[in-house]
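Listing of start_7.cif; format and content: mmCIF, C-alpha atoms.
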data_query
loop_
_atom_site.label_atom_id
_atom_site.label_comp_id
_atom_site.auth_asym_id
_atom_site.auth_seq_id
_atom_site.Cartn_x
_atom_site.Cartn_y
_atom_site.Cartn_z
CA MET A 193 -68.88 5.48 -23.72
CA SER A 194 -67.66 3.49 -20.77
CA MET A 195 -65.56 4.86 -17.94
CA ASN A 196 -62.54 2.86 -19.13
CA ASP A 197 -62.80 4.43 -22.59
CA ARG A 198 -62.97 7.93 -21.13
CA SER A 199 -59.96 7.17 -18.89
CA TYR A 200 -58.02 5.86 -21.90
CA GLU A 201 -58.82 8.96 -23.98
CA SER A 202 -57.89 11.23 -21.09
CA THR A 203 -54.54 9.46 -20.64
CA LEU A 204 -53.88 9.57 -24.39
CA ALA A 205 -54.71 13.29 -24.56
CA LEU A 206 -52.38 13.99 -21.62
CA TYR A 207 -49.60 11.96 -23.26
CA GLN A 208 -50.03 13.82 -26.57
CA LYS A 209 -49.98 17.16 -24.75
CA ARG A 210 -46.74 16.28 -22.98
CA LEU A 211 -45.26 15.00 -26.23
CA TRP A 212 -46.02 18.25 -28.08
CA TRP A 213 -44.68 20.23 -25.12
CA LEU A 214 -41.44 18.21 -25.26
CA ILE A 215 -41.19 18.72 -29.04
CA GLY A 216 -41.74 22.46 -28.60
CA GLN A 217 -39.03 22.70 -25.92
CA SER A 218 -36.59 20.70 -28.06
CA ALA A 219 -37.29 22.98 -31.05
CA VAL A 220 -36.60 26.09 -28.97
CA VAL A 221 -33.31 24.62 -27.70
CA PHE A 222 -32.31 23.63 -31.25
CA ILE A 223 -33.06 27.14 -32.55
CA ILE A 224 -31.01 28.74 -29.76
CA ILE A 225 -28.06 26.43 -30.50
CA ALA A 226 -28.30 27.12 -34.24
CA VAL A 227 -28.43 30.90 -33.71
CA CYS A 228 -25.41 30.79 -31.36
CA GLY A 229 -23.55 28.62 -33.85
CA PHE A 230 -24.12 31.06 -36.72
CA TYR A 231 -23.37 34.07 -34.50
CA THR A 232 -19.99 32.67 -33.41
CA GLY A 233 -19.01 31.46 -36.89
CA LEU A 234 -19.20 27.77 -36.01
CA PHE A 235 -20.74 27.00 -39.42
CA ASP A 236 -18.28 29.18 -41.37
CA THR A 237 -16.72 26.24 -43.22
CA GLU A 238 -14.55 28.46 -45.44
CA ARG A 239 -12.85 30.03 -42.45
CA LEU A 240 -12.49 26.66 -40.72
CA PHE A 241 -10.86 25.04 -43.75
CA GLU A 242 -8.49 28.00 -44.13
CA GLY A 243 -7.17 27.31 -40.64
CA ILE A 244 -6.39 23.65 -41.27
CA PRO A 245 -2.94 24.25 -42.88
CA SER A 246 -1.84 26.41 -39.94
CA ILE A 247 -2.99 23.80 -37.44
CA LEU A 248 -1.16 21.07 -39.34
CA GLN A 249 1.98 23.20 -39.46
CA ILE A 250 1.91 23.77 -35.69
CA LEU A 251 1.31 20.07 -35.07
CA GLY A 252 4.20 19.22 -37.36
CA GLU A 253 6.53 21.57 -35.48
CA GLY A 254 5.45 19.97 -32.19
CA ILE A 255 6.50 16.45 -33.22
CA PRO A 256 8.59 14.85 -31.88
CA PRO A 257 8.19 16.24 -28.33
CA ASN A 258 11.30 17.78 -26.79
CA PHE A 259 11.89 16.48 -23.25
CA SER A 260 15.39 17.94 -22.90
CA ASP A 261 14.27 20.24 -20.05
CA LEU A 262 12.21 17.58 -18.26
CA LYS A 263 14.27 17.81 -15.06
CA ASP A 264 13.47 21.53 -14.85
CA TRP A 265 9.73 20.83 -14.84
CA PHE A 266 9.57 18.75 -11.66
CA LYS A 267 9.47 21.74 -9.30
CA PRO A 268 6.78 23.56 -11.34
CA LEU A 269 4.74 20.33 -11.32
CA ILE A 270 5.07 20.11 -7.54
CA ASP A 271 4.06 23.79 -7.32
CA THR A 272 0.98 23.06 -9.46
CA LEU A 273 0.00 20.06 -7.34
CA ALA A 274 0.52 21.97 -4.08
CA MET A 275 -1.45 24.91 -5.48
CA SER A 276 -4.44 22.69 -6.31
CA ILE A 277 -4.43 20.96 -2.90
CA ALA A 278 -4.07 24.19 -0.90
CA GLY A 279 -6.70 25.98 -3.01
CA THR A 280 -9.18 23.14 -2.57
CA ALA A 281 -8.58 22.98 1.19
CA LEU A 282 -9.08 26.75 1.46
CA ALA A 283 -12.33 26.45 -0.50
CA VAL A 284 -13.77 23.65 1.63
CA PHE A 285 -12.81 25.42 4.88
CA PHE A 286 -14.93 28.46 3.98
CA SER A 287 -17.55 26.65 1.88
CA ILE A 288 -18.99 24.60 4.75
CA PRO A 289 -20.08 27.58 6.92
CA LEU A 290 -21.21 29.56 3.86
CA GLY A 291 -23.11 26.53 2.56
CA ILE A 292 -24.86 26.12 5.92
CA LEU A 293 -25.79 29.82 6.02
CA GLY A 294 -26.86 29.68 2.36
CA ALA A 295 -29.38 26.86 2.85
CA ARG A 296 -32.98 27.73 3.72
CA ASN A 297 -33.38 25.00 6.31
CA SER A 298 -30.14 25.78 8.21
CA SER A 299 -29.76 29.55 7.84
CA PRO A 300 -30.78 31.54 10.96
CA ASN A 301 -32.88 34.05 9.02
CA LEU A 302 -33.71 35.31 5.53
CA LEU A 303 -31.20 38.18 5.62
CA VAL A 304 -28.27 35.88 6.44
CA TYR A 305 -29.47 33.46 3.76
CA GLN A 306 -29.53 36.21 1.11
CA ILE A 307 -26.09 37.55 2.11
CA ALA A 308 -24.53 34.06 2.01
CA ARG A 309 -26.08 33.39 -1.39
CA LEU A 310 -24.83 36.74 -2.69
CA ILE A 311 -21.28 35.94 -1.55
CA LEU A 312 -21.39 32.51 -3.21
CA ASN A 313 -22.82 33.95 -6.43
CA THR A 314 -20.20 36.71 -6.52
CA LEU A 315 -17.26 34.35 -6.01
CA ARG A 316 -18.67 31.94 -8.58
CA ALA A 317 -19.24 34.70 -11.15
CA ILE A 318 -15.61 35.89 -11.23
CA PRO A 319 -13.43 33.51 -13.32
CA GLU A 320 -10.38 32.12 -11.55
CA LEU A 321 -8.18 33.54 -14.33
CA ILE A 322 -9.31 37.08 -13.53
CA MET A 323 -8.80 36.44 -9.83
CA GLY A 324 -5.33 35.14 -10.60
CA ILE A 325 -4.40 38.33 -12.45
CA LEU A 326 -5.71 40.46 -9.56
CA PHE A 327 -3.87 38.48 -6.89
CA VAL A 328 -0.62 38.49 -8.89
CA ALA A 329 -0.90 42.28 -8.95
CA ALA A 330 -1.68 42.33 -5.22
CA VAL A 331 0.75 39.82 -3.69
CA GLY A 332 3.27 39.26 -6.49
CA PHE A 333 4.31 36.24 -8.53
CA GLY A 334 4.42 32.69 -7.22
CA ALA A 335 2.01 30.00 -6.09
CA LEU A 336 0.23 32.14 -3.46
CA PRO A 337 -1.92 34.16 -5.91
CA GLY A 338 -2.85 30.90 -7.63
CA VAL A 339 -3.96 29.34 -4.34
CA LEU A 340 -6.05 32.40 -3.47
CA ALA A 341 -7.64 32.55 -6.92
CA LEU A 342 -8.48 28.85 -7.06
CA GLY A 343 -9.67 28.84 -3.46
CA LEU A 344 -11.98 31.83 -3.69
CA HIS A 345 -13.52 30.76 -6.98
CA SER A 346 -14.01 27.24 -5.66
CA ILE A 347 -15.80 28.58 -2.57
CA GLY A 348 -18.61 29.77 -4.82
CA MET A 349 -18.95 26.37 -6.51
CA VAL A 350 -18.46 24.09 -3.50
CA GLY A 351 -20.55 26.30 -1.21
CA LYS A 352 -23.46 26.23 -3.66
CA PHE A 353 -23.30 22.44 -3.85
CA ILE A 354 -23.21 22.13 -0.04
CA SER A 355 -26.17 24.49 0.43
CA GLU A 356 -28.26 22.61 -2.11
CA SER A 357 -27.32 19.27 -0.52
CA ILE A 358 -28.41 20.59 2.88
CA GLU A 359 -31.75 21.74 1.46
CA HIS A 360 -32.44 18.19 0.24
CA VAL A 361 -31.57 16.28 3.44
CA ASP A 362 -34.02 13.92 5.12
CA ASN A 363 -36.04 15.75 7.79
CA GLY A 364 -36.36 12.62 9.97
CA PRO A 365 -32.99 12.90 11.75
CA ILE A 366 -33.47 16.66 12.12
CA GLU A 367 -36.86 16.21 13.77
CA ALA A 368 -35.42 13.55 16.08
CA VAL A 369 -32.62 15.87 17.21
CA GLU A 370 -35.11 18.74 17.68
CA ALA A 371 -37.37 16.50 19.77
CA ALA A 372 -34.41 15.80 22.06
CA GLY A 373 -34.17 19.54 22.80
CA ALA A 374 -31.04 20.23 20.78
CA THR A 375 -29.84 23.74 19.99
CA LYS A 376 -29.61 25.09 16.45
CA PHE A 377 -25.88 24.33 16.37
CA GLN A 378 -26.47 20.77 17.58
CA ILE A 379 -29.17 20.28 14.95
CA ILE A 380 -26.65 21.25 12.27
CA THR A 381 -23.80 19.12 13.65
CA HIS A 382 -25.90 16.05 14.52
CA GLY A 383 -28.90 16.18 12.18
CA ILE A 384 -27.66 17.83 8.98
CA LEU A 385 -23.89 17.50 8.54
CA PRO A 386 -23.75 13.69 8.98
CA GLN A 387 -26.15 13.39 6.04
CA VAL A 388 -24.16 15.61 3.68
CA LEU A 389 -20.58 14.66 4.64
CA PRO A 390 -20.33 11.97 1.92
CA GLN A 391 -21.47 14.51 -0.70
CA ILE A 392 -19.00 17.08 0.66
CA ALA A 393 -16.16 14.54 0.39
CA ASP A 394 -17.22 13.66 -3.14
CA VAL A 395 -17.41 17.26 -4.39
CA THR A 396 -14.10 18.05 -2.66
CA ILE A 397 -12.34 15.33 -4.66
CA TYR A 398 -13.98 16.45 -7.90
CA ARG A 399 -13.03 20.05 -7.19
CA TRP A 400 -9.42 19.06 -6.49
CA GLU A 401 -9.25 17.34 -9.87
CA PHE A 402 -10.68 20.48 -11.52
CA ASN A 403 -8.32 22.78 -9.60
CA PHE A 404 -5.29 20.80 -10.74
CA ARG A 405 -6.26 21.45 -14.35
CA ALA A 406 -7.09 25.08 -13.61
CA SER A 407 -3.78 25.59 -11.79
CA THR A 408 -1.94 25.05 -15.08
CA VAL A 409 -3.79 28.09 -16.42
CA MET A 410 -2.88 30.06 -13.30
CA GLY A 411 0.76 29.69 -14.26
CA MET A 412 0.09 31.52 -17.51
CA VAL A 413 -0.76 34.72 -15.60
CA GLY A 414 2.33 34.55 -13.38
CA ALA A 415 1.00 32.39 -10.56
CA GLY A 416 3.78 29.82 -10.90
CA GLY A 417 3.55 26.13 -11.68
CA ILE A 418 3.90 24.20 -14.91
CA GLY A 419 1.63 26.69 -16.69
CA LEU A 420 4.42 29.26 -16.51
CA GLU A 421 6.75 26.89 -18.36
CA LEU A 422 4.03 26.21 -20.92
CA MET A 423 3.48 29.92 -21.50
CA SER A 424 7.21 30.53 -21.91
CA ALA A 425 7.46 27.80 -24.55
CA LEU A 426 4.43 29.20 -26.39
CA ARG A 427 5.90 32.71 -26.45
CA LEU A 428 9.14 31.40 -27.89
CA MET A 429 7.15 29.27 -30.39
CA ARG A 430 8.99 26.16 -29.25
CA TYR A 431 6.12 23.86 -30.15
CA ASP A 432 8.13 20.66 -29.63
CA GLU A 433 8.61 21.72 -26.02
CA VAL A 434 4.92 22.71 -25.78
CA THR A 435 3.97 19.20 -26.86
CA ALA A 436 6.29 17.68 -24.25
CA ILE A 437 4.85 19.86 -21.47
CA LEU A 438 1.29 19.01 -22.52
CA LEU A 439 2.14 15.30 -22.40
CA VAL A 440 3.60 15.73 -18.91
CA ILE A 441 0.44 17.57 -17.82
CA LEU A 442 -1.66 14.78 -19.34
CA VAL A 443 0.23 12.19 -17.30
CA MET A 444 -0.24 14.21 -14.11
CA VAL A 445 -3.94 14.77 -14.79
CA THR A 446 -4.39 11.03 -15.35
CA LEU A 447 -2.64 10.30 -12.03
CA VAL A 448 -4.77 12.86 -10.19
CA ASP A 449 -7.94 11.40 -11.73
CA GLY A 450 -6.83 7.92 -10.66
CA ILE A 451 -6.21 9.09 -7.10
CA GLY A 452 -9.62 10.76 -7.15
CA ILE A 453 -11.32 7.52 -8.19
CA LEU A 454 -9.59 5.64 -5.36
CA LEU A 455 -10.59 8.30 -2.82
CA ARG A 456 -14.21 8.28 -3.98
CA LYS A 457 -14.34 4.50 -3.57
CA ARG A 458 -12.82 4.91 -0.11
CA PHE A 459 -15.51 7.37 1.01
CA LYS A 460 -18.46 5.38 -0.39
#

Let me see the file written as structure tokens.
Amino acid sequence: MSMNDRSYESTLALYQKRLWWLIGQSAVVFIIIAVCGFYTGLFDTERLFEGIPSILQILGEGIPPNFSDLKDWFKPLIDTLAMSIAGTALAVFFSIPLGILGARNSSPNLLVYQIARLILNTLRAIPELIMGILFVAAVGFGALPGVLALGLHSIGMVGKFISESIEHVDNGPIEAVEAAGATKFQIITHGILPQVLPQIADVTIYRWEFNFRASTVMGMVGAGGIGLELMSALRLMRYDEVTAILLVILVMVTLVDGIGILLRKRFK
């Protein structure tokens, strides 16, 4: 057997091994999905079909939408928008230092790295809805608890993204700054941050879009905004008004997404 034949057989065997490994992984994922589906009742067709009449009834009661109180929703919409902007700004302000401390190549030592990671993991693990309930109990009703809840939860997400971006930066500029005798702070400000600033801007815009949607939920726990109006309509079973509020939220979300697209193009 020639060397080319042996090389071909070796490549074919490696390909078949990878193929079977991929099939095995896909089978495991499929089994996990199927088990979770059965466990949660996703495949309970009888129960699903029984709920169709109720859904159709609610949809029927929500049409046509009732915009009679539209003028009363402008201030809650402004509160929701302000809440999302302030919460995102709060998150970015604290995420940058935590992201720097939570990256292996920029953290001063292992202990600081572990503490920063623990803080980010903790903030990310607590849902913003739970934080909203806690802050409403602590500081009262209004937009402030919503800002704090959105901001703190976003710190965990944005900080993790920043730390991972820092860990994947090009070492060339860092080595050049080190060769010039720069301090650790100068290495971060001149060798690391310029490389990750576009990613930070990008994730900030994405997080603002997410926080605007999440701020509508904050209103449902007493944190103000359009979510409070939506919750009031739901409690009174005024589904025509619920439909109108949802359409208004849809318009606002579309506008925020459009602004986000323009900002991302601007920072490219």

- Query: From the set A:Pro390, A:Gly351, A:Gly364, A:Gly343, which residue has the shortest atom-to-atom contact distance to Leu455 (chain A), counting all atoms listed in the file?
  - Reply: A:Pro390

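What the PyMOL selection byres ((chain A and resi 274) around 12) picks from this file is Lys267, Pro268, Leu269, Ile270, Asp271, Thr272, Leu273, Met275, Ser276, Ile277, Ala278, Gly279, Thr280, Ala281, Gly334, Ala335, Leu336, Gly338, Val339, Leu342, Trp400, Asn403, Phe404, Ser407, Thr408, Gly416, Gly417 and Ile418 of chain A.
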
- Task: One decimal, Å: what's the distance from CA of Val304 (chain A) over to CA of Ala371 (chain A), could you say?
- Result: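 Value for the CA of Val304 (chain A)-CA of Ala371 (chain A) distance: 25.2 Å.
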
- Message: Evaluate the PyMOL selection byres ((chain A and resi 319) around 12) against this structure - the residues, as a list of chain:residue names, please.
- Response: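 With the shown file as input, the PyMOL selection byres ((chain A and resi 319) around 12) matches A:Asn313, A:Thr314, A:Leu315, A:Arg316, A:Ala317, A:Ile318, A:Glu320, A:Leu321, A:Ile322, A:Met323, A:Gly324, A:Ile325, A:Leu326, A:Ala341, A:Leu342, A:Gly343, A:Leu344, A:His345, A:Ser346, A:Gly348, A:Met349, A:Ala406, A:Val409, A:Met410.
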
- Please evaluate the PyMOL selection byres ((chain A and resi 253) around 10) against the displayed coordinates and give the resulting residues as a ChimeraX atom specification. /A:247-252,254-257,429-435

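The coordinates place CA of Ala283 (chain A) at 15.4 Å from CA of Arg309 (chain A).
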
- Message: When you count only C-alpha atoms, which of these residues is closest to Val369 (chain A): A:Ile437, A:Ile384, A:Thr237, A:Ser355?
- Response: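 Answer, going by the shortest atom-to-atom distance: A:Ile384.
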
- Note on the structure: Separating CA of Leu303 (chain A) from CA of Ile366 (chain A), to the nearest tenth of an Å, is a gap of 22.6 Å

Will you model N, CA and C atoms for region 336-359 of chain A and pass it back as a PDB file, in the coordinates of the input?
ATOM      1  N   LEU A 336       1.239  31.567  -4.362  1.00  0.00           N
ATOM      2  CA  LEU A 336       0.230  32.140  -3.460  1.00  0.00           C
ATOM      3  C   LEU A 336      -0.952  32.745  -4.197  1.00  0.00           C
ATOM      4  N   PRO A 337      -0.749  33.618  -5.206  1.00  0.00           N
ATOM      5  CA  PRO A 337      -1.920  34.160  -5.910  1.00  0.00           C
ATOM      6  C   PRO A 337      -2.747  33.068  -6.588  1.00  0.00           C
ATOM      7  N   GLY A 338      -2.111  32.002  -7.040  1.00  0.00           N
ATOM      8  CA  GLY A 338      -2.850  30.900  -7.630  1.00  0.00           C
ATOM      9  C   GLY A 338      -3.726  30.197  -6.611  1.00  0.00           C
ATOM     10  N   VAL A 339      -3.181  29.970  -5.413  1.00  0.00           N
ATOM     11  CA  VAL A 339      -3.960  29.340  -4.340  1.00  0.00           C
ATOM     12  C   VAL A 339      -5.167  30.198  -3.981  1.00  0.00           C
ATOM     13  N   LEU A 340      -4.951  31.501  -3.832  1.00  0.00           N
ATOM     14  CA  LEU A 340      -6.050  32.400  -3.470  1.00  0.00           C
ATOM     15  C   LEU A 340      -7.122  32.445  -4.560  1.00  0.00           C
ATOM     16  N   ALA A 341      -6.691  32.492  -5.819  1.00  0.00           N
ATOM     17  CA  ALA A 341      -7.640  32.550  -6.920  1.00  0.00           C
ATOM     18  C   ALA A 341      -8.459  31.268  -7.022  1.00  0.00           C
ATOM     19  N   LEU A 342      -7.785  30.130  -6.978  1.00  0.00           N
ATOM     20  CA  LEU A 342      -8.480  28.850  -7.060  1.00  0.00           C
ATOM     21  C   LEU A 342      -9.395  28.645  -5.853  1.00  0.00           C
ATOM     22  N   GLY A 343      -8.881  29.024  -4.668  1.00  0.00           N
ATOM     23  CA  GLY A 343      -9.670  28.840  -3.460  1.00  0.00           C
ATOM     24  C   GLY A 343     -10.934  29.667  -3.437  1.00  0.00           C
ATOM     25  N   LEU A 344     -10.812  30.953  -3.745  1.00  0.00           N
ATOM     26  CA  LEU A 344     -11.980  31.830  -3.690  1.00  0.00           C
ATOM     27  C   LEU A 344     -13.019  31.460  -4.742  1.00  0.00           C
ATOM     28  N   HIS A 345     -12.564  31.163  -5.954  1.00  0.00           N
ATOM     29  CA  HIS A 345     -13.520  30.760  -6.980  1.00  0.00           C
ATOM     30  C   HIS A 345     -14.203  29.447  -6.613  1.00  0.00           C
ATOM     31  N   SER A 346     -13.440  28.531  -6.025  1.00  0.00           N
ATOM     32  CA  SER A 346     -14.010  27.240  -5.660  1.00  0.00           C
ATOM     33  C   SER A 346     -15.004  27.361  -4.511  1.00  0.00           C
ATOM     34  N   ILE A 347     -14.843  28.370  -3.655  1.00  0.00           N
ATOM     35  CA  ILE A 347     -15.800  28.580  -2.570  1.00  0.00           C
ATOM     36  C   ILE A 347     -17.207  28.756  -3.144  1.00  0.00           C
ATOM     37  N   GLY A 348     -17.307  29.536  -4.214  1.00  0.00           N
ATOM     38  CA  GLY A 348     -18.610  29.770  -4.820  1.00  0.00           C
ATOM     39  C   GLY A 348     -19.239  28.491  -5.349  1.00  0.00           C
ATOM     40  N   MET A 349     -18.427  27.606  -5.944  1.00  0.00           N
ATOM     41  CA  MET A 349     -18.950  26.370  -6.510  1.00  0.00           C
ATOM     42  C   MET A 349     -19.252  25.340  -5.428  1.00  0.00           C
ATOM     43  N   VAL A 350     -18.279  25.091  -4.543  1.00  0.00           N
ATOM     44  CA  VAL A 350     -18.460  24.090  -3.500  1.00  0.00           C
ATOM     45  C   VAL A 350     -19.526  24.524  -2.509  1.00  0.00           C
ATOM     46  N   GLY A 351     -19.540  25.807  -2.142  1.00  0.00           N
ATOM     47  CA  GLY A 351     -20.550  26.300  -1.210  1.00  0.00           C
ATOM     48  C   GLY A 351     -21.959  26.156  -1.754  1.00  0.00           C
ATOM     49  N   LYS A 352     -22.149  26.412  -3.047  1.00  0.00           N
ATOM     50  CA  LYS A 352     -23.460  26.230  -3.660  1.00  0.00           C
ATOM     51  C   LYS A 352     -23.894  24.775  -3.597  1.00  0.00           C
ATOM     52  N   PHE A 353     -22.978  23.866  -3.899  1.00  0.00           N
ATOM     53  CA  PHE A 353     -23.300  22.440  -3.850  1.00  0.00           C
ATOM     54  C   PHE A 353     -23.679  22.030  -2.429  1.00  0.00           C
ATOM     55  N   ILE A 354     -22.922  22.499  -1.429  1.00  0.00           N
ATOM     56  CA  ILE A 354     -23.210  22.130  -0.040  1.00  0.00           C
ATOM     57  C   ILE A 354     -24.574  22.664   0.383  1.00  0.00           C
ATOM     58  N   SER A 355     -24.872  23.913   0.038  1.00  0.00           N
ATOM     59  CA  SER A 355     -26.170  24.490   0.430  1.00  0.00           C
ATOM     60  C   SER A 355     -27.328  23.737  -0.199  1.00  0.00           C
ATOM     61  N   GLU A 356     -27.194  23.354  -1.457  1.00  0.00           N
ATOM     62  CA  GLU A 356     -28.260  22.610  -2.110  1.00  0.00           C
ATOM     63  C   GLU A 356     -28.382  21.198  -1.542  1.00  0.00           C
ATOM     64  N   SER A 357     -27.265  20.589  -1.156  1.00  0.00           N
ATOM     65  CA  SER A 357     -27.320  19.270  -0.520  1.00  0.00           C
ATOM     66  C   SER A 357     -28.027  19.352   0.825  1.00  0.00           C
ATOM     67  N   ILE A 358     -27.759  20.407   1.583  1.00  0.00           N
ATOM     68  CA  ILE A 358     -28.410  20.590   2.880  1.00  0.00           C
ATOM     69  C   ILE A 358     -29.911  20.767   2.712  1.00  0.00           C
ATOM     70  N   GLU A 359     -30.319  21.500   1.675  1.00  0.00           N
ATOM     71  CA  GLU A 359     -31.750  21.740   1.460  1.00  0.00           C
ATOM     72  C   GLU A 359     -32.503  20.475   1.076  1.00  0.00           C
TER      73      GLU A 359
END
